[in-house]
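Engineer: So here's structure37.tsv (TSV, C-alpha atoms).
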```tsv
chain	number	residue	atom	x	y	z
A	1	MET	CA	-8.30	-62.22	-89.63
A	2	THR	CA	-7.05	-58.64	-89.86
A	3	LYS	CA	-7.57	-57.11	-93.26
A	4	SER	CA	-4.44	-55.76	-94.96
A	5	MET	CA	-3.93	-52.85	-97.32
A	6	LYS	CA	-1.26	-51.49	-99.63
A	7	ARG	CA	0.48	-48.18	-99.13
A	8	TRP	CA	3.50	-46.36	-100.52
A	9	THR	CA	6.24	-45.35	-98.09
A	10	LEU	CA	9.64	-43.69	-97.90
A	11	ASP	CA	12.40	-44.92	-95.60
A	12	LYS	CA	14.60	-41.85	-96.05
A	13	ILE	CA	14.56	-38.30	-97.40
A	14	ALA	CA	16.80	-37.69	-100.43
A	15	VAL	CA	16.69	-36.82	-104.12
A	16	GLY	CA	15.51	-40.01	-105.78
A	17	ALA	CA	14.65	-41.65	-102.45
A	18	PRO	CA	13.09	-45.06	-103.20
A	19	LEU	CA	9.31	-45.33	-103.02
A	20	ASN	CA	8.24	-48.64	-101.53
A	21	LEU	CA	4.91	-50.42	-102.04
A	22	THR	CA	4.25	-52.15	-98.72
A	23	GLU	CA	1.44	-53.87	-96.86
A	24	THR	CA	0.05	-53.11	-93.42
A	25	ALA	CA	-3.16	-53.64	-91.47
A	26	VAL	CA	-6.24	-51.59	-92.34
A	27	PRO	CA	-6.73	-49.13	-89.44
A	28	THR	CA	-9.78	-49.24	-87.18
A	29	PRO	CA	-11.49	-45.87	-86.68
A	30	ALA	CA	-11.25	-44.64	-83.10
A	31	ARG	CA	-13.82	-42.41	-81.39
A	32	GLY	CA	-14.50	-39.41	-83.62
A	33	GLU	CA	-12.62	-40.92	-86.57
A	34	VAL	CA	-13.67	-41.88	-90.08
A	35	LEU	CA	-12.23	-44.80	-92.05
A	36	VAL	CA	-11.93	-43.77	-95.70
A	37	ARG	CA	-11.31	-46.06	-98.63
A	38	VAL	CA	-9.03	-43.92	-100.77
A	39	LYS	CA	-10.08	-43.80	-104.43
A	40	ALA	CA	-7.68	-41.22	-105.85
A	41	VAL	CA	-4.60	-39.25	-104.76
A	42	SER	CA	-3.28	-36.17	-106.56
A	43	LEU	CA	0.35	-35.09	-106.38
A	44	ASN	CA	1.67	-31.59	-105.74
A	45	TYR	CA	5.10	-30.03	-106.25
A	46	ARG	CA	5.32	-29.94	-102.46
A	47	ASP	CA	5.30	-33.77	-102.42
A	48	LYS	CA	8.49	-33.67	-104.49
A	49	LEU	CA	10.06	-31.20	-102.03
A	50	VAL	CA	9.11	-33.31	-99.01
A	51	ARG	CA	10.55	-36.44	-100.62
A	52	GLU	CA	13.80	-34.70	-101.54
A	53	THR	CA	14.39	-32.33	-98.60
A	54	GLY	CA	11.91	-33.06	-95.81
A	55	MET	CA	11.20	-29.30	-95.76
A	56	GLY	CA	12.35	-29.20	-92.13
A	57	LEU	CA	9.39	-31.29	-91.02
A	58	PRO	CA	9.53	-33.96	-88.28
A	59	ILE	CA	9.26	-36.86	-90.72
A	60	GLN	CA	8.67	-40.24	-89.10
A	61	PHE	CA	9.59	-43.40	-91.03
A	62	PRO	CA	8.19	-45.33	-92.74
A	63	PHE	CA	6.64	-42.17	-94.16
A	64	VAL	CA	3.52	-42.15	-96.33
A	65	PRO	CA	3.65	-39.25	-98.83
A	66	ALA	CA	0.98	-37.03	-100.43
A	67	SER	CA	-1.65	-34.75	-98.93
A	68	ASP	CA	-4.60	-34.79	-101.33
A	69	MET	CA	-7.13	-37.58	-101.71
A	70	ALA	CA	-10.74	-38.37	-102.51
A	71	GLY	CA	-12.47	-41.44	-101.18
A	72	VAL	CA	-15.54	-43.07	-99.69
A	73	VAL	CA	-16.39	-43.47	-96.02
A	74	GLU	CA	-16.05	-47.17	-95.21
A	75	ALA	CA	-16.76	-47.06	-91.46
A	76	ILE	CA	-17.17	-44.53	-88.67
A	77	GLY	CA	-16.10	-44.50	-85.04
A	78	ASP	CA	-18.25	-43.59	-82.06
A	79	ASP	CA	-19.57	-40.01	-81.88
A	80	VAL	CA	-19.03	-39.27	-85.58
A	81	THR	CA	-21.78	-36.91	-86.74
A	82	ARG	CA	-20.42	-35.20	-89.87
A	83	PHE	CA	-20.34	-38.23	-92.16
A	84	SER	CA	-22.04	-41.57	-92.75
A	85	THR	CA	-20.92	-44.77	-94.42
A	86	GLY	CA	-20.91	-44.34	-98.20
A	87	ASP	CA	-20.32	-40.57	-98.19
A	88	ARG	CA	-17.76	-39.25	-100.68
A	89	VAL	CA	-15.10	-37.11	-99.02
A	90	ILE	CA	-11.87	-35.24	-99.70
A	91	SER	CA	-8.98	-34.47	-97.38
A	92	THR	CA	-8.15	-31.03	-96.00
A	93	PHE	CA	-4.55	-29.89	-96.46
A	94	HIS	CA	-4.26	-28.36	-92.98
A	95	PRO	CA	-6.08	-30.80	-90.65
A	96	GLY	CA	-7.86	-28.93	-87.88
A	97	TRP	CA	-7.78	-25.48	-89.53
A	98	ILE	CA	-11.52	-24.94	-89.79
A	99	ASP	CA	-11.83	-21.17	-90.35
A	100	GLY	CA	-10.27	-17.83	-89.44
A	101	LYS	CA	-6.59	-17.57	-88.56
A	102	PRO	CA	-4.49	-20.73	-88.66
A	103	LEU	CA	-3.01	-22.33	-85.57
A	104	GLY	CA	0.54	-21.43	-84.62
A	105	ASP	CA	2.37	-18.24	-83.70
A	106	ALA	CA	5.08	-15.88	-84.93
A	107	ARG	CA	7.94	-18.09	-83.78
A	108	LYS	CA	6.43	-21.31	-85.09
A	109	PRO	CA	4.15	-20.63	-88.07
A	110	PRO	CA	1.58	-23.37	-88.69
A	111	TYR	CA	2.60	-26.18	-91.03
A	112	LYS	CA	0.95	-29.29	-89.65
A	113	THR	CA	-0.29	-30.83	-92.86
A	114	PHE	CA	-1.05	-34.19	-94.41
A	115	GLY	CA	1.96	-35.71	-96.14
A	116	GLY	CA	4.39	-33.81	-93.90
A	117	PHE	CA	3.81	-33.35	-90.19
A	118	TYR	CA	1.09	-36.00	-90.42
A	119	ALA	CA	1.34	-39.21	-92.42
A	120	GLY	CA	0.10	-38.83	-95.98
A	121	VAL	CA	-2.74	-40.40	-97.91
A	122	LEU	CA	-1.03	-42.60	-100.50
A	123	ALA	CA	-2.66	-45.74	-99.09
A	124	GLU	CA	-5.74	-47.81	-99.76
A	125	TYR	CA	-7.29	-46.72	-96.45
A	126	ILE	CA	-6.81	-43.91	-93.95
A	127	SER	CA	-8.50	-43.34	-90.60
A	128	VAL	CA	-8.63	-39.70	-89.50
A	129	PRO	CA	-10.69	-37.38	-87.28
A	130	GLN	CA	-13.95	-36.35	-88.92
A	131	ASP	CA	-12.98	-32.67	-88.85
A	132	TRP	CA	-10.05	-33.41	-91.16
A	133	LEU	CA	-12.38	-34.11	-94.09
A	134	ALA	CA	-14.82	-32.24	-96.31
A	135	SER	CA	-17.60	-33.48	-98.55
A	136	ALA	CA	-16.54	-34.12	-102.14
A	137	PRO	CA	-18.20	-32.23	-105.00
A	138	THR	CA	-21.01	-34.16	-106.65
A	139	SER	CA	-20.07	-33.00	-110.16
A	140	LEU	CA	-16.52	-34.45	-110.19
A	141	ASP	CA	-15.21	-37.99	-110.29
A	142	ASP	CA	-12.80	-39.14	-107.59
A	143	ALA	CA	-9.66	-38.27	-109.55
A	144	GLU	CA	-10.91	-34.74	-110.26
A	145	ALA	CA	-12.10	-34.25	-106.68
A	146	SER	CA	-8.69	-35.26	-105.31
A	147	THR	CA	-7.10	-32.19	-106.94
A	148	LEU	CA	-9.02	-29.67	-104.84
A	149	PRO	CA	-7.50	-29.80	-101.30
A	150	CYS	CA	-4.15	-28.17	-102.13
A	151	ALA	CA	-3.91	-26.85	-105.70
A	152	GLY	CA	-7.56	-25.91	-106.08
A	153	LEU	CA	-7.87	-24.33	-102.66
A	154	THR	CA	-4.60	-22.42	-103.01
A	155	ALA	CA	-5.87	-20.65	-106.12
A	156	TRP	CA	-9.31	-20.10	-104.58
A	157	PHE	CA	-7.88	-18.73	-101.33
A	158	ALA	CA	-5.60	-16.33	-103.20
A	159	LEU	CA	-8.15	-15.01	-105.66
A	160	VAL	CA	-11.54	-15.27	-103.95
A	161	GLU	CA	-11.18	-15.74	-100.20
A	162	ARG	CA	-8.36	-13.23	-99.76
A	163	GLY	CA	-8.18	-11.51	-103.12
A	164	LYS	CA	-11.88	-10.65	-103.59
A	165	ILE	CA	-11.48	-10.55	-107.37
A	166	LYS	CA	-14.29	-9.04	-109.37
A	167	PRO	CA	-15.36	-8.91	-113.02
A	168	GLY	CA	-12.94	-6.92	-115.14
A	169	ASP	CA	-9.90	-7.43	-112.91
A	170	ARG	CA	-6.71	-8.40	-114.72
A	171	VAL	CA	-5.30	-11.64	-113.33
A	172	LEU	CA	-1.96	-13.16	-114.35
A	173	VAL	CA	-0.96	-16.74	-113.59
A	174	GLN	CA	2.57	-18.03	-114.07
A	175	GLY	CA	2.95	-21.40	-115.76
A	176	THR	CA	0.54	-24.23	-116.46
A	177	GLY	CA	0.83	-26.41	-113.37
A	178	GLY	CA	-2.01	-27.35	-111.06
A	179	VAL	CA	-2.38	-24.09	-109.09
A	180	ALA	CA	-1.90	-21.96	-112.21
A	181	LEU	CA	-4.64	-23.69	-114.19
A	182	PHE	CA	-7.03	-23.58	-111.24
A	183	GLY	CA	-6.25	-19.87	-110.96
A	184	LEU	CA	-6.95	-19.42	-114.66
A	185	GLN	CA	-10.30	-21.21	-114.49
A	186	ILE	CA	-11.44	-19.56	-111.25
A	187	ALA	CA	-10.48	-16.09	-112.47
A	188	ALA	CA	-12.21	-16.60	-115.81
A	189	ALA	CA	-15.35	-17.83	-114.05
A	190	GLN	CA	-15.33	-14.65	-111.95
A	191	GLY	CA	-15.28	-12.50	-115.10
A	192	ALA	CA	-11.63	-11.49	-114.88
A	193	GLU	CA	-9.32	-10.86	-117.83
A	194	VAL	CA	-6.77	-13.66	-117.59
A	195	PHE	CA	-3.11	-13.56	-118.66
A	196	VAL	CA	-0.91	-16.66	-118.69
A	197	THR	CA	2.87	-16.87	-118.95
A	198	SER	CA	4.33	-20.19	-120.03
A	199	SER	CA	6.90	-21.77	-122.33
A	200	GLY	CA	5.91	-22.64	-125.88
A	201	PRO	CA	2.88	-22.03	-128.08
A	202	GLU	CA	1.27	-25.43	-127.40
A	203	LYS	CA	0.83	-24.83	-123.67
A	204	LEU	CA	-0.40	-21.30	-124.30
A	205	ALA	CA	-2.96	-22.55	-126.83
A	206	ARG	CA	-4.25	-25.08	-124.30
A	207	ALA	CA	-4.44	-22.35	-121.66
A	208	LYS	CA	-6.50	-20.16	-123.99
A	209	ALA	CA	-8.85	-23.08	-124.60
A	210	LEU	CA	-9.46	-23.13	-120.84
A	211	GLY	CA	-10.45	-19.46	-120.81
A	212	ALA	CA	-7.26	-17.40	-120.80
A	213	HIS	CA	-7.50	-14.20	-122.82
A	214	HIS	CA	-3.78	-13.62	-123.34
A	215	GLY	CA	-0.81	-15.99	-123.57
A	216	ILE	CA	2.75	-14.78	-123.13
A	217	ASP	CA	5.68	-17.03	-124.10
A	218	ARG	CA	8.34	-16.28	-121.52
A	219	ASN	CA	10.99	-17.97	-123.69
A	220	THR	CA	10.58	-15.60	-126.62
A	221	SER	CA	9.72	-12.27	-124.99
A	222	ASP	CA	10.13	-10.17	-121.86
A	223	TRP	CA	6.87	-11.05	-120.16
A	224	VAL	CA	6.73	-7.81	-118.18
A	225	GLU	CA	7.05	-5.74	-121.35
A	226	GLU	CA	4.32	-7.86	-122.93
A	227	VAL	CA	2.09	-7.11	-119.93
A	228	TYR	CA	2.72	-3.39	-120.39
A	229	ARG	CA	1.85	-3.65	-124.07
A	230	LEU	CA	-1.29	-5.71	-123.58
A	231	THR	CA	-2.61	-3.54	-120.73
A	232	ASN	CA	-1.62	-0.16	-122.20
A	233	ASP	CA	0.86	0.18	-119.28
A	234	GLN	CA	-1.86	-0.34	-116.65
A	235	GLY	CA	-0.39	-3.58	-115.28
A	236	ILE	CA	-1.97	-6.55	-113.53
A	237	ASP	CA	-4.44	-6.31	-110.65
A	238	HIS	CA	-3.65	-9.75	-109.24
A	239	ILE	CA	-0.58	-11.89	-109.92
A	240	ILE	CA	-0.33	-15.54	-108.92
A	241	GLU	CA	3.42	-15.68	-108.21
A	242	ILE	CA	4.43	-19.29	-108.77
A	243	ALA	CA	8.17	-19.05	-109.34
A	244	GLY	CA	9.32	-17.15	-106.26
A	245	GLY	CA	12.99	-16.28	-105.83
A	246	PRO	CA	14.20	-13.46	-108.10
A	247	ASN	CA	11.08	-13.73	-110.27
A	248	PHE	CA	9.28	-11.79	-107.55
A	249	ALA	CA	11.09	-8.70	-108.86
A	250	GLN	CA	9.38	-9.17	-112.21
A	251	SER	CA	6.00	-9.45	-110.54
A	252	LEU	CA	6.65	-6.17	-108.74
A	253	LYS	CA	7.27	-4.55	-112.11
A	254	ALA	CA	4.15	-6.05	-113.68
A	255	VAL	CA	1.66	-5.41	-110.87
A	256	ALA	CA	-0.70	-2.44	-111.13
A	257	PRO	CA	-0.67	0.31	-108.51
A	258	HIS	CA	-2.54	-1.01	-105.45
A	259	GLY	CA	-2.64	-4.43	-107.08
A	260	ARG	CA	-2.00	-7.74	-105.35
A	261	ILE	CA	0.69	-10.40	-105.57
A	262	SER	CA	-0.05	-13.82	-104.12
A	263	VAL	CA	3.23	-15.59	-103.38
A	264	ILE	CA	2.55	-19.30	-103.78
A	265	GLY	CA	5.49	-21.12	-105.36
A	266	VAL	CA	9.20	-21.52	-104.76
A	267	LEU	CA	10.35	-22.95	-108.10
A	268	GLU	CA	13.20	-20.42	-108.30
A	269	GLY	CA	14.01	-20.34	-104.59
A	270	PHE	CA	12.64	-19.82	-101.10
A	271	ASP	CA	14.19	-16.35	-100.72
A	272	ILE	CA	12.17	-13.83	-102.71
A	273	SER	CA	13.87	-10.61	-103.77
A	274	GLY	CA	12.98	-7.45	-105.63
A	275	PRO	CA	13.50	-3.69	-105.83
A	276	ALA	CA	12.01	-1.40	-103.20
A	277	ALA	CA	10.97	1.36	-105.62
A	278	PRO	CA	7.93	-0.34	-107.23
A	279	LEU	CA	6.97	-1.77	-103.85
A	280	LEU	CA	6.89	1.71	-102.34
A	281	LEU	CA	5.49	3.62	-105.31
A	282	LYS	CA	2.78	1.13	-106.32
A	283	SER	CA	1.93	0.04	-102.77
A	284	PRO	CA	0.70	-3.42	-103.78
A	285	THR	CA	-0.60	-5.99	-101.34
A	286	VAL	CA	1.84	-8.89	-101.12
A	287	GLN	CA	0.27	-11.96	-99.54
A	288	GLY	CA	1.72	-15.36	-98.88
A	289	ILE	CA	-0.74	-18.19	-99.45
A	290	GLY	CA	-0.32	-21.39	-97.43
A	291	VAL	CA	-3.31	-23.15	-99.04
A	292	GLY	CA	-6.37	-22.41	-96.82
A	293	HIS	CA	-8.92	-23.56	-94.24
A	294	ARG	CA	-11.75	-26.09	-94.43
A	295	ARG	CA	-14.52	-23.53	-94.71
A	296	ALA	CA	-12.93	-22.08	-97.84
A	297	LEU	CA	-12.50	-25.59	-99.25
A	298	GLU	CA	-16.22	-26.16	-98.69
A	299	ASP	CA	-16.91	-22.87	-100.49
A	300	LEU	CA	-14.75	-24.07	-103.38
A	301	VAL	CA	-16.61	-27.39	-103.53
A	302	HIS	CA	-19.92	-25.51	-103.74
A	303	ALA	CA	-18.54	-23.24	-106.48
A	304	VAL	CA	-17.22	-26.20	-108.47
A	305	ASP	CA	-20.66	-27.80	-108.44
A	306	SER	CA	-22.34	-24.49	-109.28
A	307	ILE	CA	-20.19	-23.35	-112.21
A	308	GLY	CA	-19.16	-26.74	-113.57
A	309	LEU	CA	-15.42	-26.23	-113.15
A	310	LYS	CA	-13.45	-29.26	-114.33
A	311	PRO	CA	-9.91	-29.70	-112.99
A	312	VAL	CA	-7.24	-30.34	-115.62
A	313	ILE	CA	-5.61	-33.75	-115.21
A	314	ASP	CA	-2.50	-34.39	-117.27
A	315	HIS	CA	-2.34	-38.11	-116.57
A	316	ARG	CA	-3.97	-40.76	-114.37
A	317	TYR	CA	-1.72	-43.50	-112.98
A	318	ALA	CA	-2.54	-46.79	-111.25
A	319	LEU	CA	-1.46	-47.56	-107.68
A	320	ASP	CA	1.50	-49.65	-108.83
A	321	GLU	CA	2.73	-46.80	-111.05
A	322	VAL	CA	3.54	-44.29	-108.30
A	323	PRO	CA	7.28	-43.99	-109.17
A	324	ALA	CA	6.30	-43.12	-112.75
A	325	ALA	CA	3.82	-40.55	-111.41
A	326	PHE	CA	6.58	-38.86	-109.39
A	327	ASP	CA	8.85	-38.89	-112.44
A	328	HIS	CA	6.08	-37.12	-114.39
A	329	LEU	CA	5.80	-34.59	-111.57
A	330	ASP	CA	9.53	-33.90	-111.96
A	331	ARG	CA	9.06	-33.17	-115.67
A	332	GLY	CA	6.33	-30.59	-115.04
A	333	PRO	CA	2.78	-31.61	-115.98
A	334	PHE	CA	0.11	-29.53	-117.67
A	335	GLY	CA	-2.33	-29.55	-114.77
A	336	LYS	CA	-2.44	-32.38	-112.26
A	337	ILE	CA	-1.01	-35.87	-111.81
A	338	VAL	CA	-3.44	-38.32	-110.19
A	339	ILE	CA	-3.06	-41.87	-108.87
A	340	GLU	CA	-6.25	-43.92	-108.97
A	341	LEU	CA	-6.69	-46.78	-106.50
```
So, in terms of structure tokens, how does the structure I just supplied come out?
Structural biologist:
Amino acid sequence: MTKSMKRWTLDKIAVGAPLNLTETAVPTPARGEVLVRVKAVSLNYRDKLVRETGMGLPIQFPFVPASDMAGVVEAIGDDVTRFSTGDRVISTFHPGWIDGKPLGDARKPPYKTFGGFYAGVLAEYISVPQDWLASAPTSLDDAEASTLPCAGLTAWFALVERGKIKPGDRVLVQGTGGVALFGLQIAAAQGAEVFVTSSGPEKLARAKALGAHHGIDRNTSDWVEEVYRLTNDQGIDHIIEIAGGPNFAQSLKAVAPHGRISVIGVLEGFDISGPAAPLLLKSPTVQGIGVGHRRALEDLVHAVDSIGLKPVIDHRYALDEVPAAFDHLDRGPFGKIVIEL
């Protein structure tokens, strides 16, 4: 008799679109594929955007959301050489992007990801090509490991892979969500001086406990002026720009000459805007970060095991609590939201 599994699906794209817990057959791994028993799934702000807007992606229904998971190899298809039964694995955000430049071109930039172009991972089992997976870190449990493929790698790709940060650099992260806290921890581990902007003293105190050197309450002060004061007008060498939209103008003011701004988030809008003068006079590098490739994820996994980095999880939910997990995502967690299976 065919074994069945549970999975969460969407039947339409809309704000508040119902999430349905359904049953289907456990897939059989084809040639080159790996069957993974999913142990944990972490949510990203992007999962909220896909559920509410579709983000222009060719969504096929019923649609399984979420891109990030950790699990155990249950079975392998013919010609699989990268993994064996019992191996712990994590997903890659961009399946098939192994290293170097991503697939795609100027007219159609690459965005073939899990939980979007491809079906997501919010299921008890998935069967995927072996190249779409990476080995999980040995030092993290499944819930912690599931936070690396998108949020962890985004921060790593911005700061280390592309940013080449070094000891003594000033790094500013905006907010206390998943990418921001990974950026904080990675920058601190690299010997950088870390600045965090957030709302309220409690979040800032928690950020300092994770290694931030300076906390700026954006509700009670002009955060750019605070940056000037704290850096003696020198500015920030590397800004993790989470908000997007008009907030980009503030990042241009705060960045140091020849500094770097990594545009990651769109909380305040998809169209970034800002004055030309600081862009021309400071000549910063402005880089968009669309997560990263598998080789960088493998580098991050090695670094996590080497330095003992522990992802920050706000709350762990059970499989039958997925709607509550998405509601928590709407409210804005401190760190990551994880569903354990």
Engineer: Just how far from CA of Thr22 (chain A) is CA of Arg7 (chain A), in Å to one decimal?
Structural biologist: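 So the answer is 5.5 Å.
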Engineer: Write out, as a tab-separated table, each residue of region 137-215 of chain A that has an atom at most 6 Å from region 239-251 of chain A, together with the closest pair of atoms and their distance in Å to one decimal, counting all atoms listed in the file, rows going by chain and rising number.
Structural biologist:
```
residue	atom	partner	partner_atom	distance
A:Val171	CA	A:Ile239	CA	5.8
A:Leu172	CA	A:Ile239	CA	4.8
A:Val173	CA	A:Ile240	CA	4.9
A:Gln174	CA	A:Ile242	CA	5.8
```
Engineer: Between A:Arg82, A:Arg229, A:Lys166, A:His315, which residue has the minimum interatomic distance to Ala187 (chain A), considering all atoms listed in the file?
Structural biologist: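 Checking each candidate against Ala187 (chain A), we get A:Lys166 as the closest.
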Engineer: Show me a table, sorted first by chain and then by increasing residue number, of the residues of region 220-326 of chain A having an atom at most 12 Å from region 31-48 of chain A, each with its shortest atom pair and the distance in Å to one decimal, counting only C-alpha atoms and written as a tab-separated table.
Structural biologist:
```
residue	atom	partner	partner_atom	distance
A:Ile242	CA	A:Tyr45	CA	11.1
A:Ala243	CA	A:Tyr45	CA	11.8
A:Ile264	CA	A:Arg46	CA	11.1
A:Gly265	CA	A:Tyr45	CA	9.0
A:Val266	CA	A:Arg46	CA	9.6
A:Leu267	CA	A:Tyr45	CA	9.0
A:Gly290	CA	A:Arg46	CA	11.4
A:Val291	CA	A:Arg46	CA	11.5
A:Pro311	CA	A:Ser42	CA	11.3
A:Val312	CA	A:Ser42	CA	11.5
A:Ile313	CA	A:Ser42	CA	9.3
A:Asp314	CA	A:Ser42	CA	10.9
A:His315	CA	A:Ser42	CA	10.2
A:Arg316	CA	A:Ser42	CA	9.1
A:Tyr317	CA	A:Ala40	CA	9.6
A:Ala318	CA	A:Ala40	CA	9.3
A:Leu319	CA	A:Ala40	CA	9.1
A:Val322	CA	A:Leu43	CA	9.9
A:Pro323	CA	A:Lys48	CA	11.4
A:Ala324	CA	A:Leu43	CA	11.9
A:Ala325	CA	A:Leu43	CA	8.2
A:Phe326	CA	A:Lys48	CA	7.4
```
Engineer: Between A:Ser283, A:Ser127, A:Ser67, A:Thr154, single out the one closest to Val26 (chain A), counting only C-alpha atoms.
Structural biologist: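 Using only C-alpha atoms, Val26 (chain A) sits closest to A:Ser127.
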Engineer: What's the separation between CA of Leu341 (chain A) and CA of Gly175 (chain A), in Å to one decimal place?
Structural biologist: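 Between CA of Leu341 (chain A) and CA of Gly175 (chain A) the gap works out to 28.7 Å.
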Engineer: Report, in Å with one decimal, the straight-line distance from CA of Gly71 (chain A) to CA of Ser146 (chain A).
Structural biologist: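 If I compute the distance from CA of Gly71 (chain A) to CA of Ser146 (chain A), I get 8.3 Å.
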Engineer: For Leu21 (chain A), work out the shell of residues within 8 Å, counting all atoms listed in the file and skipping chain neighbours fewer than 4 positions away, then give it as a list in words.
Structural biologist: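 What passes the distance filter is Lys6, Arg7, Trp8, Thr9 and Asp320 of chain A.
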Engineer: Can you pull out every residue within 12 Å of Leu10 (chain A), counting only C-alpha atoms, but drop anything in the same chain fewer than 6 positions away, and send it as a PyMOL selection string?
Structural biologist: chain A and resi 16-22+47+50-52+54+59-66+115-116+119-120+122+323
Engineer: Which polymer residues have any atom within 6 Å of an atom of Ser199 (chain A), counting only C-alpha atoms, with same-chain residues fewer than 3 positions away left out, as a ChimeraX atom specification?
Structural biologist: /A:217-219
Engineer: Measuring atom to atom with all atoms listed in the file, identify which of A:Gly96, A:Ser4, A:Leu204, A:Leu49 is nearest to Tyr125 (chain A).
Structural biologist: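 Nearest candidate to Tyr125 (chain A) out of A:Gly96, A:Ser4, A:Leu204, A:Leu49: A:Ser4.
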Engineer: Closest to Pro110 (chain A) among A:Ala256, A:Ala70, A:Leu57, A:Leu279, using all atoms listed in the file?
Structural biologist: A:Leu57
Engineer: Determine the nearest neighbour of His328 (chain A) from the options A:Gly177, A:Pro137, A:Leu300, A:Gly168, counting all atoms listed in the file.
Structural biologist: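 Once distances to His328 (chain A) are computed over all atoms listed in the file, the minimum belongs to A:Gly177.
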Engineer: Tell me which of A:Ile307, A:Val255, A:Val89, A:Val227 sits closest to Ala145 (chain A), counting only C-alpha atoms.
Structural biologist: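 Closest to Ala145 (chain A) of all the choices is A:Val89.
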Engineer: Need the shell around Lys253 (chain A): protein/DNA/RNA residues with any atom at most 9 Å away, counting all atoms listed in the file. Skip same-chain ones fewer than 6 positions apart. Format as JSON, numbers by chain?
Structural biologist: {"A": [224, 235, 275, 278, 279]}
Engineer: Fewer than 4 positions away in the same chain doesn't count, so skip those; otherwise give me all residues within 12 Å of Gly191 (chain A), counting only C-alpha atoms, as a ChimeraX atom specification.
Structural biologist: /A:165-171,184-187,211-213
Engineer: How would region 48-52 of chain A look with all heavy atoms restored, written as a PDB file, in the frame of the given file?
Structural biologist:
```pdb
ATOM      1  N   LYS A  48       7.120 -33.516-103.999  1.00  0.00           N
ATOM      2  CA  LYS A  48       8.490 -33.670-104.490  1.00  0.00           C
ATOM      3  C   LYS A  48       9.479 -33.052-103.497  1.00  0.00           C
ATOM      4  O   LYS A  48      10.507 -33.672-103.175  1.00  0.00           O
ATOM      5  CB  LYS A  48       8.614 -33.001-105.855  1.00  0.00           C
ATOM      6  CG  LYS A  48      10.036 -32.785-106.367  1.00  0.00           C
ATOM      7  CD  LYS A  48       9.999 -32.032-107.694  1.00  0.00           C
ATOM      8  CE  LYS A  48      11.342 -31.425-108.041  1.00  0.00           C
ATOM      9  NZ  LYS A  48      12.350 -32.460-108.350  1.00  0.00           N
ATOM     10  N   LEU A  49       9.173 -31.863-102.981  1.00  0.00           N
ATOM     11  CA  LEU A  49      10.060 -31.200-102.030  1.00  0.00           C
ATOM     12  C   LEU A  49      10.185 -31.990-100.734  1.00  0.00           C
ATOM     13  O   LEU A  49      11.274 -32.105-100.166  1.00  0.00           O
ATOM     14  CB  LEU A  49       9.554 -29.779-101.725  1.00  0.00           C
ATOM     15  CG  LEU A  49       9.585 -28.774-102.872  1.00  0.00           C
ATOM     16  CD1 LEU A  49       9.029 -27.438-102.411  1.00  0.00           C
ATOM     17  CD2 LEU A  49      11.000 -28.603-103.408  1.00  0.00           C
ATOM     18  N   VAL A  50       9.064 -32.524-100.244  1.00  0.00           N
ATOM     19  CA  VAL A  50       9.110 -33.310 -99.010  1.00  0.00           C
ATOM     20  C   VAL A  50       9.963 -34.561 -99.217  1.00  0.00           C
ATOM     21  O   VAL A  50      10.800 -34.912 -98.379  1.00  0.00           O
ATOM     22  CB  VAL A  50       7.690 -33.693 -98.551  1.00  0.00           C
ATOM     23  CG1 VAL A  50       7.749 -34.697 -97.400  1.00  0.00           C
ATOM     24  CG2 VAL A  50       6.919 -32.455 -98.111  1.00  0.00           C
ATOM     25  N   ARG A  51       9.771 -35.235-100.331  1.00  0.00           N
ATOM     26  CA  ARG A  51      10.550 -36.440-100.620  1.00  0.00           C
ATOM     27  C   ARG A  51      12.042 -36.144-100.701  1.00  0.00           C
ATOM     28  O   ARG A  51      12.875 -36.917-100.231  1.00  0.00           O
ATOM     29  CB  ARG A  51      10.065 -37.054-101.935  1.00  0.00           C
ATOM     30  CG  ARG A  51      10.814 -38.317-102.364  1.00  0.00           C
ATOM     31  CD  ARG A  51      10.409 -38.711-103.778  1.00  0.00           C
ATOM     32  NE  ARG A  51      11.078 -39.930-104.226  1.00  0.00           N
ATOM     33  CZ  ARG A  51      11.084 -40.361-105.481  1.00  0.00           C
ATOM     34  NH1 ARG A  51      10.427 -39.672-106.415  1.00  0.00           N
ATOM     35  NH2 ARG A  51      11.717 -41.467-105.820  1.00  0.00           N
ATOM     36  N   GLU A  52      12.392 -34.996-101.288  1.00  0.00           N
ATOM     37  CA  GLU A  52      13.800 -34.700-101.540  1.00  0.00           C
ATOM     38  C   GLU A  52      14.502 -33.996-100.385  1.00  0.00           C
ATOM     39  O   GLU A  52      15.703 -34.176-100.182  1.00  0.00           O
ATOM     40  CB  GLU A  52      13.907 -33.827-102.794  1.00  0.00           C
ATOM     41  CG  GLU A  52      13.484 -34.545-104.071  1.00  0.00           C
ATOM     42  CD  GLU A  52      13.594 -33.672-105.293  1.00  0.00           C
ATOM     43  OE1 GLU A  52      13.804 -32.443-105.152  1.00  0.00           O
ATOM     44  OE2 GLU A  52      13.463 -34.211-106.408  1.00  0.00           O
TER      45      GLU A  52
END
```
